[in-house]
>>> print(open('structure18.cif').read())   # mmCIF, C-alpha atoms and all ligand atoms
data_coords
#
loop_
_atom_site.label_atom_id
_atom_site.label_comp_id
_atom_site.auth_asym_id
_atom_site.auth_seq_id
_atom_site.Cartn_x
_atom_site.Cartn_y
_atom_site.Cartn_z
CA MET X 160 -80.81 -160.53 -75.92
CA ARG X 161 -82.31 -157.51 -77.57
CA TRP X 162 -82.06 -154.06 -76.10
CA TYR X 163 -85.68 -153.32 -76.57
CA CYS X 164 -86.79 -156.38 -74.63
CA ALA X 165 -85.17 -154.96 -71.55
CA MET X 166 -88.31 -153.38 -70.16
CA LEU X 167 -90.24 -156.63 -70.20
CA LEU X 168 -87.50 -158.64 -68.64
CA SER X 169 -86.19 -156.25 -66.08
CA ALA X 170 -89.43 -156.36 -64.12
CA GLY X 171 -88.94 -159.97 -63.13
CA VAL X 172 -85.28 -160.18 -62.39
CA THR X 173 -84.82 -157.79 -59.50
CA SER X 174 -84.18 -160.61 -57.09
CA LEU X 175 -81.48 -162.04 -59.30
CA TRP X 176 -79.21 -159.03 -59.13
CA ALA X 177 -75.82 -160.43 -58.50
CA GLN X 178 -73.34 -159.02 -56.05
CA GLY X 179 -71.25 -158.05 -59.01
CA THR X 180 -67.73 -156.95 -59.32
CA VAL X 181 -68.97 -154.25 -61.65
CA THR X 182 -69.61 -150.82 -60.19
CA LEU X 183 -71.16 -147.75 -61.77
CA HIS X 184 -69.86 -144.27 -61.00
CA GLY X 185 -70.76 -140.69 -61.76
CA PHE X 186 -73.74 -141.44 -63.95
CA TRP X 187 -75.81 -138.51 -65.23
CA ALA X 188 -78.34 -137.88 -67.98
CA ARG X 189 -79.08 -135.00 -70.30
CA PRO X 190 -82.21 -132.94 -69.91
CA ALA X 191 -84.71 -133.68 -72.69
CA GLY X 192 -88.26 -132.87 -73.62
CA LYS X 193 -90.76 -135.70 -73.79
CA ALA X 194 -90.39 -136.23 -77.53
CA ILE X 195 -86.62 -135.76 -77.47
CA PRO X 196 -84.14 -138.59 -76.91
CA SER X 197 -81.86 -138.26 -73.93
CA ALA X 198 -78.44 -139.77 -73.28
CA ALA X 199 -76.84 -141.11 -70.12
CA TYR X 200 -73.15 -141.23 -69.32
CA GLY X 201 -70.90 -142.52 -66.56
CA VAL X 202 -68.06 -144.84 -65.70
CA ILE X 203 -68.34 -148.64 -65.58
CA HIS X 204 -65.64 -150.19 -63.45
CA ASN X 205 -64.87 -153.89 -63.32
CA ARG X 206 -62.83 -154.73 -60.22
CA GLY X 207 -63.11 -158.44 -60.91
CA THR X 208 -60.50 -160.74 -62.39
CA ARG X 209 -62.62 -161.63 -65.41
CA ALA X 210 -63.80 -159.40 -68.20
CA ASP X 211 -67.50 -158.63 -68.05
CA THR X 212 -69.84 -157.58 -70.84
CA LEU X 213 -72.65 -155.06 -70.84
CA LEU X 214 -75.50 -156.77 -72.67
CA GLU X 215 -78.50 -154.51 -72.29
CA ALA X 216 -79.94 -151.57 -70.46
CA ALA X 217 -83.39 -150.44 -69.40
CA SER X 218 -85.14 -147.67 -67.59
CA PRO X 219 -88.68 -147.46 -66.23
CA GLN X 220 -88.72 -143.91 -67.61
CA ALA X 221 -87.97 -144.78 -71.24
CA ARG X 222 -89.45 -147.23 -73.71
CA ARG X 223 -86.05 -148.24 -74.98
CA VAL X 224 -82.41 -147.86 -74.06
CA GLU X 225 -79.63 -148.55 -76.52
CA LEU X 226 -75.87 -148.45 -76.35
CA HIS X 227 -74.46 -146.07 -78.95
CA GLU X 228 -71.16 -144.67 -79.96
CA THR X 229 -70.66 -141.34 -81.68
CA VAL X 230 -68.04 -141.58 -84.39
CA ARG X 231 -66.61 -139.27 -87.00
CA ASP X 232 -67.01 -140.76 -90.47
CA THR X 233 -64.64 -140.33 -93.38
CA ALA X 234 -66.61 -137.31 -94.64
CA GLY X 235 -66.08 -135.54 -91.32
CA ARG X 236 -69.67 -136.07 -90.20
CA MET X 237 -70.52 -137.05 -86.67
CA ARG X 238 -72.83 -140.02 -86.60
CA MET X 239 -74.05 -142.50 -84.03
CA GLN X 240 -73.79 -146.23 -84.35
CA LYS X 241 -75.43 -148.84 -82.25
CA LEU X 242 -73.40 -151.39 -80.30
CA GLU X 243 -74.80 -154.75 -79.28
CA ARG X 244 -72.43 -155.25 -76.38
CA LEU X 245 -69.60 -153.61 -74.54
CA VAL X 246 -66.72 -155.48 -72.93
CA VAL X 247 -65.36 -154.12 -69.66
CA PRO X 248 -61.91 -155.68 -69.15
CA ALA X 249 -60.91 -157.11 -65.77
CA GLY X 250 -59.55 -154.49 -63.41
CA ASP X 251 -60.40 -151.75 -65.85
CA SER X 252 -62.99 -149.06 -66.55
CA VAL X 253 -64.99 -148.01 -69.57
CA VAL X 254 -66.06 -144.39 -69.75
CA LEU X 255 -69.33 -143.35 -71.38
CA ARG X 256 -69.02 -139.64 -72.18
CA PRO X 257 -70.33 -136.99 -74.58
CA GLY X 258 -68.95 -137.47 -78.05
CA GLY X 259 -68.24 -141.15 -77.42
CA LEU X 260 -70.09 -144.04 -75.85
CA HIS X 261 -73.52 -143.29 -74.43
CA LEU X 262 -76.78 -144.92 -73.47
CA MET X 263 -79.55 -143.49 -75.62
CA LEU X 264 -82.98 -143.21 -74.09
CA TYR X 265 -85.91 -143.26 -76.45
CA GLU X 266 -89.52 -142.36 -75.86
CA LEU X 267 -89.29 -140.93 -72.41
CA GLN X 268 -92.43 -141.26 -70.33
CA GLN X 269 -91.91 -137.71 -69.17
CA ALA X 270 -89.58 -134.86 -69.92
CA LEU X 271 -86.31 -134.97 -67.98
CA ARG X 272 -85.61 -131.66 -66.30
CA PRO X 273 -82.47 -130.56 -64.51
CA GLY X 274 -82.77 -131.82 -60.95
CA ASP X 275 -84.76 -134.93 -61.94
CA THR X 276 -83.33 -138.39 -61.47
CA LEU X 277 -83.26 -141.07 -64.13
CA GLN X 278 -83.32 -144.70 -62.97
CA LEU X 279 -81.14 -146.88 -65.10
CA ARG X 280 -80.40 -150.60 -65.06
CA LEU X 281 -77.56 -152.25 -66.86
CA ARG X 282 -77.27 -156.00 -67.38
CA PHE X 283 -73.84 -157.60 -67.43
CA ALA X 284 -73.00 -161.15 -68.45
CA GLN X 285 -71.28 -161.83 -65.12
CA ALA X 286 -72.53 -159.22 -62.69
CA GLY X 287 -76.17 -159.40 -63.75
CA TRP X 288 -78.44 -156.42 -63.35
CA GLN X 289 -76.94 -153.33 -61.80
CA GLN X 290 -78.94 -150.28 -60.92
CA VAL X 291 -77.82 -146.67 -60.96
CA GLN X 292 -79.41 -143.28 -60.38
CA CYS X 293 -78.55 -140.60 -62.88
CA PRO X 294 -79.02 -136.99 -61.88
CA VAL X 295 -80.34 -134.99 -64.82
CA GLY X 296 -78.44 -131.87 -65.79
CA PRO X 297 -75.50 -130.50 -67.71
CA PRO X 298 -72.23 -132.44 -67.70
CA PRO X 299 -70.90 -132.50 -64.13
CA ARG X 300 -67.84 -130.43 -65.00
CA LEU X 301 -70.06 -127.64 -66.33
CA ARG X 302 -72.46 -127.56 -63.41
CA ARG X 303 -72.52 -124.29 -61.63
CA GLN X 304 -71.86 -124.40 -57.94
CA PRO X 305 -75.01 -123.71 -55.99
CA PRO X 306 -75.01 -120.05 -55.00
CA GLU X 307 -73.54 -119.53 -51.61
CA MET X 308 -75.89 -118.71 -48.82
CA PRO X 309 -75.66 -115.02 -48.18
CA HIS X 310 -74.07 -114.24 -44.89
CA GLU X 311 -76.23 -111.78 -43.18
CA HIS X 312 -74.89 -110.27 -40.08
CA ARG X 313 -77.37 -108.37 -38.11
CA HIS X 314 -76.02 -106.64 -35.12
CA MET T 1152 -67.98 -124.35 -100.69
CA ALA T 1153 -66.54 -127.40 -102.32
CA ARG T 1154 -63.26 -126.39 -100.79
CA ALA T 1155 -64.73 -126.19 -97.34
CA ARG T 1156 -66.24 -129.60 -97.68
CA HIS T 1157 -62.97 -131.00 -98.86
CA LYS T 1158 -61.21 -129.58 -95.83
CA TRP T 1159 -63.68 -131.13 -93.47
CA GLY T 1160 -63.35 -134.44 -95.17
CA LEU T 1161 -59.66 -134.70 -94.73
CA LEU T 1162 -59.10 -133.36 -91.29
CA GLY T 1163 -60.69 -134.52 -88.16
CA GLY T 1164 -59.38 -132.46 -85.29
CA SER T 1165 -60.23 -128.94 -84.35
CA ALA T 1166 -57.20 -126.71 -84.21
CA VAL T 1167 -55.71 -128.19 -87.34
CA LEU T 1168 -58.61 -127.21 -89.56
CA VAL T 1169 -57.46 -123.69 -90.21
CA ALA T 1170 -54.42 -121.59 -89.57
CA SER T 1171 -54.61 -120.13 -86.12
CA SER T 1172 -54.95 -116.55 -87.32
CA LEU T 1173 -58.08 -115.00 -88.70
CA VAL T 1174 -58.67 -115.34 -92.41
CA GLY T 1175 -57.86 -112.06 -94.12
CA CYS T 1176 -60.71 -109.98 -95.50
CA HIS T 1177 -59.85 -110.88 -99.07
CA GLU T 1178 -60.39 -114.56 -98.45
CA GLY T 1179 -63.88 -114.51 -97.03
CA GLU T 1180 -66.54 -113.21 -99.34
CA PRO T 1181 -69.52 -111.79 -97.48
CA VAL T 1182 -72.54 -114.04 -97.40
CA ARG T 1183 -74.69 -111.83 -99.61
CA GLU T 1184 -77.58 -114.18 -100.12
CA GLN T 1185 -80.43 -113.68 -97.72
CA TYR T 1186 -81.98 -116.56 -95.87
CA PRO T 1187 -85.36 -115.92 -94.30
CA LEU T 1188 -85.56 -117.75 -90.98
CA TRP T 1189 -87.74 -117.83 -87.91
CA THR T 1190 -86.42 -117.66 -84.37
CA GLN T 1191 -87.29 -119.35 -81.08
CA GLN T 1192 -89.61 -116.40 -80.47
CA GLY T 1193 -91.38 -117.01 -83.77
CA THR T 1194 -89.90 -113.78 -85.13
CA ALA T 1195 -88.86 -113.55 -88.78
CA VAL T 1196 -85.21 -112.71 -89.43
CA GLU T 1197 -83.07 -112.37 -92.53
CA PHE T 1198 -79.81 -114.19 -92.07
CA PRO T 1199 -77.16 -112.87 -92.09
CA GLN T 1200 -78.40 -109.40 -93.04
CA ASP T 1201 -80.17 -108.74 -89.76
CA PHE T 1202 -76.96 -109.48 -87.84
CA ARG T 1203 -74.77 -107.10 -89.83
CA GLY T 1204 -72.72 -104.85 -87.65
CA ARG T 1205 -72.23 -107.59 -85.11
CA VAL T 1206 -69.65 -110.31 -84.74
CA VAL T 1207 -71.57 -113.55 -85.10
CA LEU T 1208 -70.85 -117.07 -83.89
CA VAL T 1209 -72.83 -119.50 -86.03
CA ALA T 1210 -73.43 -123.21 -85.55
CA PHE T 1211 -75.79 -125.68 -87.20
CA PHE T 1212 -77.65 -128.26 -85.13
CA TYR T 1213 -80.92 -130.11 -84.54
CA VAL T 1214 -82.86 -130.36 -81.32
CA GLN T 1215 -83.27 -134.15 -81.32
CA CYS T 1216 -79.53 -134.70 -81.43
CA PRO T 1217 -78.78 -136.41 -78.15
CA ASP T 1218 -75.01 -136.20 -78.01
CA ILE T 1219 -73.14 -133.87 -80.34
CA CYS T 1220 -75.43 -130.84 -80.62
CA PRO T 1221 -75.74 -130.44 -76.83
CA MET T 1222 -71.94 -130.42 -76.75
CA ILE T 1223 -71.86 -127.68 -79.38
CA ALA T 1224 -74.41 -125.68 -77.38
CA GLU T 1225 -72.39 -126.15 -74.20
CA ARG T 1226 -69.22 -125.05 -75.91
CA MET T 1227 -70.91 -121.94 -77.32
CA ARG T 1228 -72.26 -121.10 -73.89
CA GLN T 1229 -68.79 -121.49 -72.40
CA ILE T 1230 -67.40 -119.16 -75.06
CA TRP T 1231 -70.19 -116.69 -74.42
CA GLU T 1232 -69.52 -116.69 -70.72
CA ALA T 1233 -65.80 -116.22 -71.31
CA LEU T 1234 -66.28 -113.10 -73.48
CA PRO T 1235 -65.17 -109.99 -71.63
CA ASP T 1236 -67.89 -108.02 -73.40
CA THR T 1237 -70.83 -109.38 -75.38
CA ALA T 1238 -71.87 -106.00 -76.77
CA GLY T 1239 -71.88 -106.28 -80.55
CA VAL T 1240 -71.66 -110.09 -80.43
CA GLN T 1241 -74.38 -112.54 -81.40
CA ALA T 1242 -74.62 -116.31 -81.16
CA VAL T 1243 -76.83 -117.96 -83.77
CA MET T 1244 -77.71 -121.65 -83.80
CA ILE T 1245 -79.51 -122.75 -86.95
CA SER T 1246 -81.49 -125.98 -87.01
CA PHE T 1247 -81.35 -128.10 -90.15
CA ASP T 1248 -84.42 -130.01 -88.96
CA PRO T 1249 -87.17 -127.44 -89.57
CA ARG T 1250 -89.93 -130.03 -89.78
CA ARG T 1251 -89.54 -130.86 -86.10
CA ASP T 1252 -87.80 -127.82 -84.69
CA THR T 1253 -90.65 -125.43 -84.13
CA PRO T 1254 -89.99 -122.17 -82.26
CA GLU T 1255 -91.31 -123.89 -79.14
CA ARG T 1256 -88.78 -126.74 -79.43
CA LEU T 1257 -86.01 -124.25 -80.12
CA ARG T 1258 -87.01 -122.38 -76.95
CA ASP T 1259 -86.97 -125.65 -75.01
CA PHE T 1260 -83.52 -126.44 -76.27
CA ALA T 1261 -82.22 -122.98 -75.34
CA GLN T 1262 -83.68 -123.36 -71.89
CA ALA T 1263 -82.42 -126.91 -71.35
CA HIS T 1264 -78.89 -125.82 -72.21
CA GLY T 1265 -78.94 -122.49 -70.41
CA LEU T 1266 -78.40 -120.40 -73.55
CA PRO T 1267 -78.99 -116.77 -72.60
CA GLU T 1268 -81.30 -114.48 -74.53
CA PRO T 1269 -81.01 -112.23 -76.37
CA GLY T 1270 -77.39 -113.26 -76.91
CA PHE T 1271 -78.42 -116.57 -78.43
CA VAL T 1272 -80.79 -116.71 -81.36
CA LEU T 1273 -81.99 -120.19 -82.30
CA ALA T 1274 -83.46 -120.28 -85.77
CA SER T 1275 -84.71 -122.40 -88.60
CA GLY T 1276 -86.59 -121.87 -91.82
CA ARG T 1277 -88.33 -123.49 -94.74
CA PRO T 1278 -86.59 -126.75 -95.66
CA GLU T 1279 -85.38 -125.48 -99.03
CA VAL T 1280 -83.97 -122.34 -97.41
CA VAL T 1281 -82.19 -124.32 -94.72
CA ASP T 1282 -80.78 -126.71 -97.35
CA GLN T 1283 -79.30 -123.80 -99.28
CA LEU T 1284 -77.90 -122.20 -96.15
CA VAL T 1285 -76.26 -125.42 -95.02
CA GLU T 1286 -74.79 -125.80 -98.49
CA ARG T 1287 -73.55 -122.21 -98.53
CA PHE T 1288 -71.65 -122.82 -95.29
CA GLY T 1289 -70.27 -126.13 -96.52
CA VAL T 1290 -71.90 -128.03 -93.69
CA VAL T 1291 -72.58 -131.67 -94.42
CA VAL T 1292 -75.89 -133.03 -93.22
CA GLN T 1293 -77.26 -136.47 -93.93
CA LYS T 1294 -80.52 -137.83 -92.66
CA THR T 1295 -80.16 -141.29 -91.15
CA PRO T 1296 -83.28 -143.21 -90.31
CA SER T 1297 -83.37 -144.80 -86.89
CA GLU T 1298 -83.54 -148.56 -87.23
CA PHE T 1299 -86.27 -148.79 -84.67
CA THR T 1300 -89.19 -146.61 -84.38
CA ALA T 1301 -91.89 -146.78 -86.95
CA GLY T 1302 -93.51 -143.46 -87.68
CA GLY T 1303 -92.22 -140.24 -89.10
CA GLU T 1304 -90.30 -138.83 -86.15
CA ALA T 1305 -87.58 -141.42 -86.00
CA TYR T 1306 -84.54 -140.11 -87.76
CA PHE T 1307 -81.23 -138.64 -86.86
CA PHE T 1308 -78.69 -136.68 -88.83
CA ALA T 1309 -75.05 -137.35 -89.43
CA HIS T 1310 -73.64 -133.85 -89.57
CA SER T 1311 -70.54 -131.67 -89.47
CA ASP T 1312 -69.29 -130.47 -86.13
CA VAL T 1313 -68.41 -126.86 -86.88
CA LEU T 1314 -68.57 -123.38 -85.43
CA PHE T 1315 -68.23 -120.34 -87.71
CA LEU T 1316 -67.09 -116.86 -86.87
CA LEU T 1317 -68.56 -114.09 -89.03
CA ASP T 1318 -67.35 -110.51 -88.95
CA SER T 1319 -69.62 -107.49 -88.88
CA GLN T 1320 -69.72 -107.49 -92.70
CA GLY T 1321 -71.11 -111.02 -92.79
CA ARG T 1322 -67.86 -112.60 -93.94
CA ILE T 1323 -66.93 -116.04 -92.71
CA ARG T 1324 -63.60 -115.38 -91.02
CA LYS T 1325 -62.89 -118.61 -89.22
CA ARG T 1326 -64.07 -122.14 -88.59
CA TYR T 1327 -63.58 -124.24 -85.49
CA SER T 1328 -64.78 -127.60 -84.30
CA GLY T 1329 -68.12 -126.98 -82.64
CA THR T 1330 -67.76 -129.42 -79.77
CA ASP T 1331 -64.12 -128.66 -79.20
CA ALA T 1332 -63.52 -125.03 -80.12
CA PRO T 1333 -60.57 -123.63 -78.14
CA ILE T 1334 -62.35 -121.16 -75.89
CA ALA T 1335 -59.49 -118.73 -75.30
CA GLU T 1336 -58.73 -118.58 -79.03
CA VAL T 1337 -62.34 -117.93 -80.02
CA VAL T 1338 -62.61 -115.22 -77.36
CA ARG T 1339 -59.46 -113.59 -78.74
CA ASP T 1340 -60.76 -113.79 -82.32
CA VAL T 1341 -64.12 -112.32 -81.35
CA GLU T 1342 -62.37 -109.45 -79.56
CA GLN T 1343 -60.22 -108.79 -82.61
CA LEU T 1344 -63.25 -108.67 -84.92
CA ARG T 1345 -65.06 -106.43 -82.46
CA GLN T 1346 -62.18 -103.97 -82.69
CA GLU T 1347 -62.36 -104.08 -86.50
CA ARG T 1348 -65.95 -102.94 -86.58
CU CU X 1401 -77.02 -142.12 -79.54
#
>>> encode(input="structure18.cif", output="structure tokens", more="lines below")
Ligand SMILES: [Cu+2]
Amino acid sequence: MRWYCAMLLSAGVTSLWAQGTVTLHGFWARPAGKAIPSAAYGVIHNRGTRADTLLEAASPQARRVELHETVRDTAGRMRMQKLERLVVPAGDSVVLRPGGLHLMLYELQQALRPGDTLQLRLRFAQAGWQQVQCPVGPPPRLRRQPPEMPHEHRH
Amino acid sequence: MARARHKWGLLGGSAVLVASSLVGCHEGEPVREQYPLWTQQGTAVEFPQDFRGRVVLVAFFYVQCPDICPMIAERMRQIWEALPDTAGVQAVMISFDPRRDTPERLRDFAQAHGLPEPGFVLASGRPEVVDQLVERFGVVVQKTPSEFTAGGEAYFFAHSDVLFLLDSQGRIRKRYSGTDAPIAEVVRDVEQLRQER
């Protein structure tokens, strides 16, 4: 299965989504202009007793989604490499986070602005298609708390 | 320069790259060459001359970087917000992708990552100028074509992950990992260089 076929296929398989043992947590995506690639991150948890494998990903908002890993090469450069699959061991989690594993989104239909939501689908060998909503914004740990409502006391 | 590159090649982490104290004045020669750049406002600047008199945090990046450069920007913003006083301090992010990173795209990037103006200047310049500047700072940049998209826009860069601290004389006084710079340490170093002015 090729990553870039995902768009074509995902349309027809909605009804086949399995009640998987894979769950997706804390997904979010980076803001990006229309011509700029974005990246999505989150935690994939497999509470099953068998390993599962992420095989492809798709989004209605991007032409192509690929699984990448950022690595430091021997010259000290940071570079991205593409992965064809990602094994999620039984009873374990895999974390996609900045500077490591991420889902790269190419050719966005529209710019992603903070506050937008990115729809993402991931296909697993066992669990089938899983859907997740990714709020767009800075990494969750850097998000500013919404300003507190001013308390106005009028007497 | 060759020395800097060598250092980067051998060591991966952040804190281990340099001794924890600031490099003495005798070690860092001022960057005397002038590099004409443009900013996110489309304004012409001479780097580093136009920032003399200020303590300058400098990083190299490109807008289309989906993973590492946003982390560098976030880290610089965190440092900026942790500074007790930003008077006499400047953050400069220089794009090594001038063909795509127009002032408008630089502005977009600044906005997307909440980089405050005028504290943050995002800049780029003519390709040959940027190449020389990158070389002068010992930053390693390598264009890597994307395996997918046809058409001219599809390339990424493998690049160093580094943040520089320049004193008010334009001397490179310290290097940190860009994505991972220890915030408290950078804040302390900036304060120390501010006192030296
Ligand atoms: Cu990537």
>>> residues_near_ligand(input="structure18.cif", ligand="ligand CU 1401 (chain X)", cutoff="6 Å", atoms="only C-alpha atoms and all ligand atoms", output="number ranges by chain")
X: 227, 239, 263
>>> write_last_selection(input="structure18.cif", atoms="C-alpha atoms", output="tab-separated table (two decimals), keeping the file's coordinate frame")
chain	number	residue	atom	x	y	z
X	227	HIS	CA	-74.46	-146.07	-78.95
X	239	MET	CA	-74.05	-142.50	-84.03
X	263	MET	CA	-79.55	-143.49	-75.62
>>> closest_residue(input="structure18.cif", among="X:Arg238, X:Lys193, X:Arg222, X:Arg231", to="chain T", atoms="all atoms listed in the file")
X:Arg238
>>> closest_atom_pairs(input="structure18.cif", of="chain X", to="chain T", cutoff="6 Å", atoms="all atoms listed in the file", output="JSON lines")
{"residue": "X:Ile195", "atom": "CA", "partner": "T:Gln1215", "partner_atom": "CA", "distance": 5.4}
{"residue": "X:Pro196", "atom": "CA", "partner": "T:Pro1217", "partner_atom": "CA", "distance": 5.9}
{"residue": "X:Ser197", "atom": "CA", "partner": "T:Pro1217", "partner_atom": "CA", "distance": 5.5}
{"residue": "X:Ala198", "atom": "CA", "partner": "T:Pro1217", "partner_atom": "CA", "distance": 5.9}
{"residue": "X:Ala234", "atom": "CA", "partner": "T:Gly1160", "partner_atom": "CA", "distance": 4.4}
{"residue": "X:Gly235", "atom": "CA", "partner": "T:Gly1160", "partner_atom": "CA", "distance": 4.8}
{"residue": "X:Arg236", "atom": "CA", "partner": "T:Ser1311", "partner_atom": "CA", "distance": 4.5}
{"residue": "X:Met237", "atom": "CA", "partner": "T:Ala1309", "partner_atom": "CA", "distance": 5.3}
{"residue": "X:Arg238", "atom": "CA", "partner": "T:Ala1309", "partner_atom": "CA", "distance": 4.5}
{"residue": "X:Pro257", "atom": "CA", "partner": "T:Asp1218", "partner_atom": "CA", "distance": 5.9}
{"residue": "X:Gly258", "atom": "CA", "partner": "T:Ile1219", "partner_atom": "CA", "distance": 6.0}
>>> closest_residue(input="structure18.cif", among="X:Leu260, X:Leu183, X:Val253, X:Leu213", to="X:Gln292", atoms="all atoms listed in the file")
X:Leu183
>>> residues_near_point(input="structure18.cif", point="(-61.6, -115.4, -85.0)", cutoff="10 Å", atoms="only C-alpha atoms", output="PyMOL selection string")
chain T and resi 1171-1174+1206+1208+1315-1318+1323-1327+1336-1345
>>> residues_around(input="structure18.cif", residues="stretch 276-285 of chain X", least_positions_apart="5", cutoff="8 Å", atoms="only C-alpha atoms", output="PDB file with C-alpha atoms, in the coordinates of the input")
ATOM      1  CA  GLY X 179     -71.250-158.050 -59.010  1.00  0.00           C
ATOM      2  CA  TRP X 187     -75.810-138.510 -65.230  1.00  0.00           C
ATOM      3  CA  ALA X 188     -78.340-137.880 -67.980  1.00  0.00           C
ATOM      4  CA  ASP X 211     -67.500-158.630 -68.050  1.00  0.00           C
ATOM      5  CA  THR X 212     -69.840-157.580 -70.840  1.00  0.00           C
ATOM      6  CA  LEU X 213     -72.650-155.060 -70.840  1.00  0.00           C
ATOM      7  CA  LEU X 214     -75.500-156.770 -72.670  1.00  0.00           C
ATOM      8  CA  GLU X 215     -78.500-154.510 -72.290  1.00  0.00           C
ATOM      9  CA  ALA X 216     -79.940-151.570 -70.460  1.00  0.00           C
ATOM     10  CA  ALA X 217     -83.390-150.440 -69.400  1.00  0.00           C
ATOM     11  CA  SER X 218     -85.140-147.670 -67.590  1.00  0.00           C
ATOM     12  CA  PRO X 219     -88.680-147.460 -66.230  1.00  0.00           C
ATOM     13  CA  GLN X 220     -88.720-143.910 -67.610  1.00  0.00           C
ATOM     14  CA  LEU X 271     -86.310-134.970 -67.980  1.00  0.00           C
ATOM     15  CA  GLN X 290     -78.940-150.280 -60.920  1.00  0.00           C
ATOM     16  CA  VAL X 291     -77.820-146.670 -60.960  1.00  0.00           C
ATOM     17  CA  GLN X 292     -79.410-143.280 -60.380  1.00  0.00           C
ATOM     18  CA  CYS X 293     -78.550-140.600 -62.880  1.00  0.00           C
ATOM     19  CA  PRO X 294     -79.020-136.990 -61.880  1.00  0.00           C
ATOM     20  CA  VAL X 295     -80.340-134.990 -64.820  1.00  0.00           C
TER      21      VAL X 295
END
>>> axis_aligned_box(input="structure18.cif", around="stretch 1224-1231 of chain T", padding_each_side="4 Å", output="JSON")
{"center_x": -70.9, "center_y": -121.4, "center_z": -74.9, "size_x": 15.0, "size_y": 17.5, "size_z": 13.0}
>>> atom_distance(input="structure18.cif", atom1="atom CA of T:Gln1191", atom2="atom CA of T:Asp1252")
9.2 Å
>>> atom_distance(input="structure18.cif", atom1="atom CA of X:Pro298", atom2="atom CA of X:Gln268")
22.2 Å
>>> atom_distance(input="structure18.cif", atom1="atom CA of T:Arg1205", atom2="atom CA of T:Pro1249")
25.2 Å
>>> residues_around(input="structure18.cif", residues="stretch 245-250 of chain X", least_positions_apart="6", cutoff="9 Å", atoms="only C-alpha atoms", output="list in words")
Val181, Ile203, His204, Asn205, Arg206, Gly207, Thr208, Arg209, Ala210, Asp211, Thr212, Leu213, Leu214 and Leu226 of chain X
>>> residues_around(input="structure18.cif", residues="stretch 1209-1212 of chain T", least_positions_apart="2", cutoff="6 Å", atoms="all atoms listed in the file", output="JSON, numbers by chain")
{"T": [1220, 1243, 1244, 1245, 1246, 1314, 1315]}
>>> residues_around(input="structure18.cif", residues="T:Arg1228", least_positions_apart="4", cutoff="7 Å", atoms="all atoms listed in the file", output="PyMOL selection string")
chain T and resi 1224+1232+1266
>>> closest_residue(input="structure18.cif", among="X:Arg272, X:His184, X:Lys241, X:His261", to="T:Ser1297", atoms="all atoms listed in the file")
X:Lys241
>>> build_atoms(input="structure18.cif", residues="stretch 1193-1202 of chain T", atoms="N, CA, C and O atoms", output="PDB file, keeping the file's coordinate frame")
ATOM      1  N   GLY T1193     -90.436-117.055 -82.667  1.00  0.00           N
ATOM      2  CA  GLY T1193     -91.380-117.010 -83.770  1.00  0.00           C
ATOM      3  C   GLY T1193     -91.230-115.755 -84.622  1.00  0.00           C
ATOM      4  O   GLY T1193     -92.058-115.464 -85.480  1.00  0.00           O
ATOM      5  N   THR T1194     -90.151-115.023 -84.394  1.00  0.00           N
ATOM      6  CA  THR T1194     -89.900-113.780 -85.130  1.00  0.00           C
ATOM      7  C   THR T1194     -89.197-114.103 -86.443  1.00  0.00           C
ATOM      8  O   THR T1194     -88.339-114.984 -86.491  1.00  0.00           O
ATOM      9  N   ALA T1195     -89.548-113.370 -87.500  1.00  0.00           N
ATOM     10  CA  ALA T1195     -88.860-113.550 -88.780  1.00  0.00           C
ATOM     11  C   ALA T1195     -87.557-112.770 -88.783  1.00  0.00           C
ATOM     12  O   ALA T1195     -87.526-111.618 -88.346  1.00  0.00           O
ATOM     13  N   VAL T1196     -86.484-113.420 -89.251  1.00  0.00           N
ATOM     14  CA  VAL T1196     -85.210-112.710 -89.430  1.00  0.00           C
ATOM     15  C   VAL T1196     -84.627-113.059 -90.789  1.00  0.00           C
ATOM     16  O   VAL T1196     -84.896-114.126 -91.335  1.00  0.00           O
ATOM     17  N   GLU T1197     -83.843-112.121 -91.312  1.00  0.00           N
ATOM     18  CA  GLU T1197     -83.070-112.370 -92.530  1.00  0.00           C
ATOM     19  C   GLU T1197     -81.645-112.656 -92.091  1.00  0.00           C
ATOM     20  O   GLU T1197     -81.008-111.809 -91.455  1.00  0.00           O
ATOM     21  N   PHE T1198     -81.175-113.849 -92.436  1.00  0.00           N
ATOM     22  CA  PHE T1198     -79.810-114.190 -92.070  1.00  0.00           C
ATOM     23  C   PHE T1198     -78.941-114.122 -93.315  1.00  0.00           C
ATOM     24  O   PHE T1198     -79.344-114.631 -94.355  1.00  0.00           O
ATOM     25  N   PRO T1199     -77.735-113.533 -93.273  1.00  0.00           N
ATOM     26  CA  PRO T1199     -77.160-112.870 -92.090  1.00  0.00           C
ATOM     27  C   PRO T1199     -77.439-111.375 -91.995  1.00  0.00           C
ATOM     28  O   PRO T1199     -76.967-110.738 -91.058  1.00  0.00           O
ATOM     29  N   GLN T1200     -78.207-110.846 -92.953  1.00  0.00           N
ATOM     30  CA  GLN T1200     -78.400-109.400 -93.040  1.00  0.00           C
ATOM     31  C   GLN T1200     -78.763-108.756 -91.693  1.00  0.00           C
ATOM     32  O   GLN T1200     -78.208-107.742 -91.306  1.00  0.00           O
ATOM     33  N   ASP T1201     -79.684-109.363 -90.999  1.00  0.00           N
ATOM     34  CA  ASP T1201     -80.170-108.740 -89.760  1.00  0.00           C
ATOM     35  C   ASP T1201     -79.120-108.746 -88.644  1.00  0.00           C
ATOM     36  O   ASP T1201     -79.342-108.137 -87.595  1.00  0.00           O
ATOM     37  N   PHE T1202     -78.010-109.435 -88.872  1.00  0.00           N
ATOM     38  CA  PHE T1202     -76.960-109.480 -87.840  1.00  0.00           C
ATOM     39  C   PHE T1202     -75.743-108.661 -88.255  1.00  0.00           C
ATOM     40  O   PHE T1202     -74.730-108.663 -87.569  1.00  0.00           O
TER      41      PHE T1202
END
